[in-house]
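> So here's coords.pdb (PDB, C-alpha atoms).
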```
ATOM      1  CA  MET A   1       7.454  20.992 -11.480
ATOM      2  CA  ALA A   2      10.264  23.260 -12.522
ATOM      3  CA  GLY A   3      12.999  23.776 -10.006
ATOM      4  CA  GLU A   4      12.430  20.818  -7.706
ATOM      5  CA  LYS A   5      14.767  17.849  -8.010
ATOM      6  CA  ILE A   6      13.736  14.764  -6.074
ATOM      7  CA  LEU A   7      16.363  12.446  -4.585
ATOM      8  CA  ILE A   8      15.082   8.935  -3.933
ATOM      9  CA  VAL A   9      17.056   7.142  -1.216
ATOM     10  CA  GLU A  10      16.002   3.493  -1.461
ATOM     11  CA  ASP A  11      18.033   0.299  -1.856
ATOM     12  CA  ASP A  12      15.264  -1.908  -3.269
ATOM     13  CA  TYR A  13      15.723  -1.315  -6.994
ATOM     14  CA  ILE A  14      12.104  -2.161  -7.914
ATOM     15  CA  LEU A  15      10.661   0.162  -5.252
ATOM     16  CA  ALA A  16      13.108   2.908  -6.240
ATOM     17  CA  ALA A  17      12.245   2.562  -9.938
ATOM     18  CA  ASP A  18       8.500   2.624  -9.155
ATOM     19  CA  LEU A  19       8.937   5.736  -7.012
ATOM     20  CA  CYS A  20      11.001   7.345  -9.762
ATOM     21  CA  ASP A  21       8.213   6.618 -12.273
ATOM     22  CA  VAL A  22       5.588   8.105  -9.947
ATOM     23  CA  VAL A  23       7.665  11.237  -9.324
ATOM     24  CA  SER A  24       8.198  11.686 -13.084
ATOM     25  CA  SER A  25       4.521  11.098 -13.888
ATOM     26  CA  LEU A  26       3.647  13.898 -11.437
ATOM     27  CA  GLY A  27       5.839  16.311 -13.400
ATOM     28  CA  TYR A  28       8.790  16.357 -11.019
ATOM     29  CA  GLU A  29      12.379  15.636 -12.003
ATOM     30  CA  THR A  30      14.511  13.156 -10.092
ATOM     31  CA  SER A  31      18.124  13.952  -9.305
ATOM     32  CA  GLY A  32      18.842  10.254  -8.889
ATOM     33  CA  ILE A  33      18.463   7.137  -6.798
ATOM     34  CA  ALA A  34      20.804   6.536  -3.851
ATOM     35  CA  ASP A  35      21.120   3.168  -2.109
ATOM     36  CA  SER A  36      23.730   4.156   0.502
ATOM     37  CA  PHE A  37      25.168   7.133   2.382
ATOM     38  CA  GLU A  38      27.948   7.435  -0.197
ATOM     39  CA  THR A  39      25.618   7.692  -3.197
ATOM     40  CA  ALA A  40      23.321  10.095  -1.320
ATOM     41  CA  GLN A  41      26.335  12.335  -0.606
ATOM     42  CA  HIS A  42      27.171  12.372  -4.311
ATOM     43  CA  LEU A  43      23.606  13.328  -5.360
ATOM     44  CA  ALA A  44      22.851  15.803  -2.549
ATOM     45  CA  PRO A  45      24.152  18.945  -4.333
ATOM     46  CA  PHE A  46      21.720  18.287  -7.186
ATOM     47  CA  SER A  47      18.614  17.771  -5.008
ATOM     48  CA  THR A  48      15.980  19.959  -3.336
ATOM     49  CA  ILE A  49      13.625  17.296  -1.922
ATOM     50  CA  ALA A  50      14.475  13.793  -0.674
ATOM     51  CA  LEU A  51      12.367  10.718   0.041
ATOM     52  CA  VAL A  52      14.536   8.576   2.327
ATOM     53  CA  ASP A  53      14.106   4.938   3.382
ATOM     54  CA  VAL A  54      15.465   3.891   6.791
ATOM     55  CA  ASN A  55      17.215   0.610   5.963
ATOM     56  CA  LEU A  56      19.621   0.775   3.045
ATOM     57  CA  ARG A  57      22.391  -1.296   1.471
ATOM     58  CA  ASP A  58      24.830  -0.068   4.138
ATOM     59  CA  GLY A  59      22.477  -0.665   7.097
ATOM     60  CA  ALA A  60      19.970   1.544   8.935
ATOM     61  CA  THR A  61      21.682   4.693   7.657
ATOM     62  CA  GLY A  62      18.514   6.432   6.423
ATOM     63  CA  PRO A  63      18.112   8.681   9.487
ATOM     64  CA  ARG A  64      21.780   9.750   9.303
ATOM     65  CA  ILE A  65      21.416  10.448   5.575
ATOM     66  CA  ALA A  66      18.221  12.420   6.214
ATOM     67  CA  GLN A  67      19.959  14.581   8.842
ATOM     68  CA  TYR A  68      22.918  15.150   6.525
ATOM     69  CA  LEU A  69      20.711  16.165   3.589
ATOM     70  CA  ALA A  70      18.575  18.508   5.697
ATOM     71  CA  ASN A  71      21.384  20.073   7.744
ATOM     72  CA  ASP A  72      24.172  20.375   5.176
ATOM     73  CA  PHE A  73      22.149  21.027   2.009
ATOM     74  CA  GLY A  74      18.806  22.440   3.221
ATOM     75  CA  ILE A  75      16.969  19.646   1.422
ATOM     76  CA  ALA A  76      13.309  19.083   2.389
ATOM     77  CA  VAL A  77      13.366  15.472   3.666
ATOM     78  CA  VAL A  78      10.588  12.985   4.358
ATOM     79  CA  MET A  79      11.347   9.493   5.632
ATOM     80  CA  VAL A  80       9.608   6.634   3.774
ATOM     81  CA  THR A  81       9.627   3.374   5.728
ATOM     82  CA  GLY A  82       7.857   0.081   6.204
ATOM     83  CA  SER A  83       8.485   0.187   9.963
ATOM     84  CA  PRO A  84       7.590   3.691  11.170
ATOM     85  CA  GLU A  85       7.410   2.578  14.811
ATOM     86  CA  ALA A  86      11.146   1.854  14.757
ATOM     87  CA  LEU A  87      12.032   5.390  13.725
ATOM     88  CA  GLU A  88      12.949   7.934  16.345
ATOM     89  CA  THR A  89      11.287  11.280  15.830
ATOM     90  CA  ASN A  90      14.067  13.547  17.075
ATOM     91  CA  LEU A  91      15.429  14.074  13.580
ATOM     92  CA  SER A  92      15.997  17.818  13.535
ATOM     93  CA  LYS A  93      15.074  19.492  10.259
ATOM     94  CA  VAL A  94      13.573  16.281   8.828
ATOM     95  CA  ILE A  95       9.979  17.193   8.042
ATOM     96  CA  GLY A  96       8.194  13.936   8.658
ATOM     97  CA  LEU A  97       7.462  10.343   7.765
ATOM     98  CA  ILE A  98       5.175   8.338   5.533
ATOM     99  CA  SER A  99       4.664   4.579   5.704
ATOM    100  CA  LYS A 100       5.179   2.047   2.924
ATOM    101  CA  PRO A 101       3.517   1.010   0.765
ATOM    102  CA  VAL A 102       3.122   4.472  -0.728
ATOM    103  CA  HIS A 103       0.535   5.214  -3.375
ATOM    104  CA  PRO A 104       0.911   7.792  -6.153
ATOM    105  CA  ALA A 105      -1.763  10.056  -4.625
ATOM    106  CA  LEU A 106       0.178  10.189  -1.338
ATOM    107  CA  ILE A 107       3.459  10.931  -3.130
ATOM    108  CA  ARG A 108       1.701  13.756  -5.007
ATOM    109  CA  SER A 109       0.379  15.223  -1.733
ATOM    110  CA  VAL A 110       3.773  14.934  -0.022
ATOM    111  CA  LEU A 111       5.685  16.516  -2.922
ATOM    112  CA  ASP A 112       3.129  19.326  -3.289
ATOM    113  CA  TYR A 113       3.365  19.994   0.471
ATOM    114  CA  LEU A 114       7.183  20.038   0.414
ATOM    115  CA  LYS A 115       7.213  22.294  -2.652
ATOM    116  CA  SER A 116       4.844  24.692  -0.862
ATOM    117  CA  ILE A 117       7.098  24.789   2.217
ATOM    118  CA  ARG A 118      10.182  25.396   0.067
ATOM    119  CA  GLU A 119       8.398  28.322  -1.607
ATOM    120  CA  GLY A 120       7.598  29.878   1.773
ATOM    121  CA  GLY A 121       3.992  28.717   1.889
ATOM    122  CA  SER A 122       2.326  26.826   4.671
ATOM    123  CA  GLY A 123       0.441  24.098   2.746
ATOM    124  CA  LEU A 124      -1.325  21.327   4.598
ATOM    125  CA  PRO A 125       0.553  18.070   5.111
ATOM    126  CA  PRO A 126      -1.232  14.917   3.963
ATOM    127  CA  ALA A 127      -3.218  13.199   6.735
ATOM    128  CA  GLU A 128      -1.084  10.051   6.253
ATOM    129  CA  MET A 129       2.113  11.950   7.014
ATOM    130  CA  ARG A 130       3.501  12.106  10.558
ATOM    131  CA  LEU A 131       5.238  15.428  11.128
ATOM    132  CA  PHE A 132       8.355  15.633  13.283
ATOM    133  CA  ALA A 133       8.453  19.374  13.914
TER     134      ALA A 133
END
```
Show me this structure written as structure tokens.

Amino acid sequence: MAGEKILIVEDDYILAADLCDVVSSLGYETSGIADSFETAQHLAPFSTIALVDVNLRDGATGPRIAQYLANDFGIAVVMVTGSPEALETNLSKVIGLISKPVHPALIRSVLDYLKSIREGGSGLPPAEMRLFA
């Protein structure tokens, strides 16, 4: 999908590569894979949407990265985690959360929803996605 650049924030290389393949197969371009706050900072200026894991190489920095991406760069952010119950939901400007494992159909729905929001639409979020706002 022209215009959208997806940042994948995930420290498990196999999961990140799989997610990258799914994103590409859906016609979206990835801006890169970040495994820490530092790499996410580097890739942020080149991204419009981010899928962010909670626990990364440098600890449970996912929520802080998500806030940074959303607040400082206006990136549409969705948390992707294997332990959704551990995530606080007061992440301002972070759109929501999906639980691992994620399937290609869910990623498609999430990316289409985020693209719609970015274009000023109101699309429907996938049923499997917990919204924060």
> From the list A:Ile98, A:Thr81, A:Ser25, A:Ser36, which residue is nearest Val54 of chain A when using all atoms listed in the file?
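Nearest candidate to Val54 of chain A out of A:Ile98, A:Thr81, A:Ser25, A:Ser36: A:Thr81.
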> What does the distance between atom CA of Ile14 of chain A and atom CA of Tyr28 of chain A come to in Å, to one decimal place?
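About the pair atom CA of Ile14 of chain A and atom CA of Tyr28 of chain A: they are 19.1 Å apart.
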> List, as JSON, numbers by chain, every residue that the PyMOL selection byres ((chain A and resi 29) around 12) selects in the file provided.
{"A": [1, 2, 3, 4, 5, 6, 7, 8, 19, 20, 21, 22, 23, 24, 25, 26, 27, 28, 30, 31, 32, 33, 46, 47, 48, 49, 50, 111]}
> Apply the PyMOL selection byres ((chain A and resi 68) around 10) to the structure shown and report the selected residues as number ranges by chain.
A: 37, 40-41, 44, 62-67, 69-75, 77, 93-94
> At what distance in Å, to one decimal, does atom CA of Ala86 of chain A lie from atom CA of Asp58 of chain A?
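Answer for the atom CA of Asp58 of chain A to atom CA of Ala86 of chain A separation: 17.4 Å.
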> Got a sec to check which residues sit within 10 Å of (-5.9, 10.8, 3.7), counting only C-alpha atoms, and write them as an NGL selection string?
:A and (105-106 or 109 or 125-129)
> For atom CA of Ser99 of chain A and atom CA of Val52 of chain A, quote the distance in Å rounded to one decimal.
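These two atoms are separated by 11.2 Å.
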> Using only C-alpha atoms, pick whichever of A:Leu43, A:Leu131, A:Val80, A:Leu87 has the shortest atom-to-atom distance to Leu15 of chain A.
A:Val80
> A:His42, A:Arg108, A:Ala34, A:Arg130: which is nearest Glu88 of chain A, counting only C-alpha atoms?
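Under the stated criterion, the closest residue is A:Arg130.
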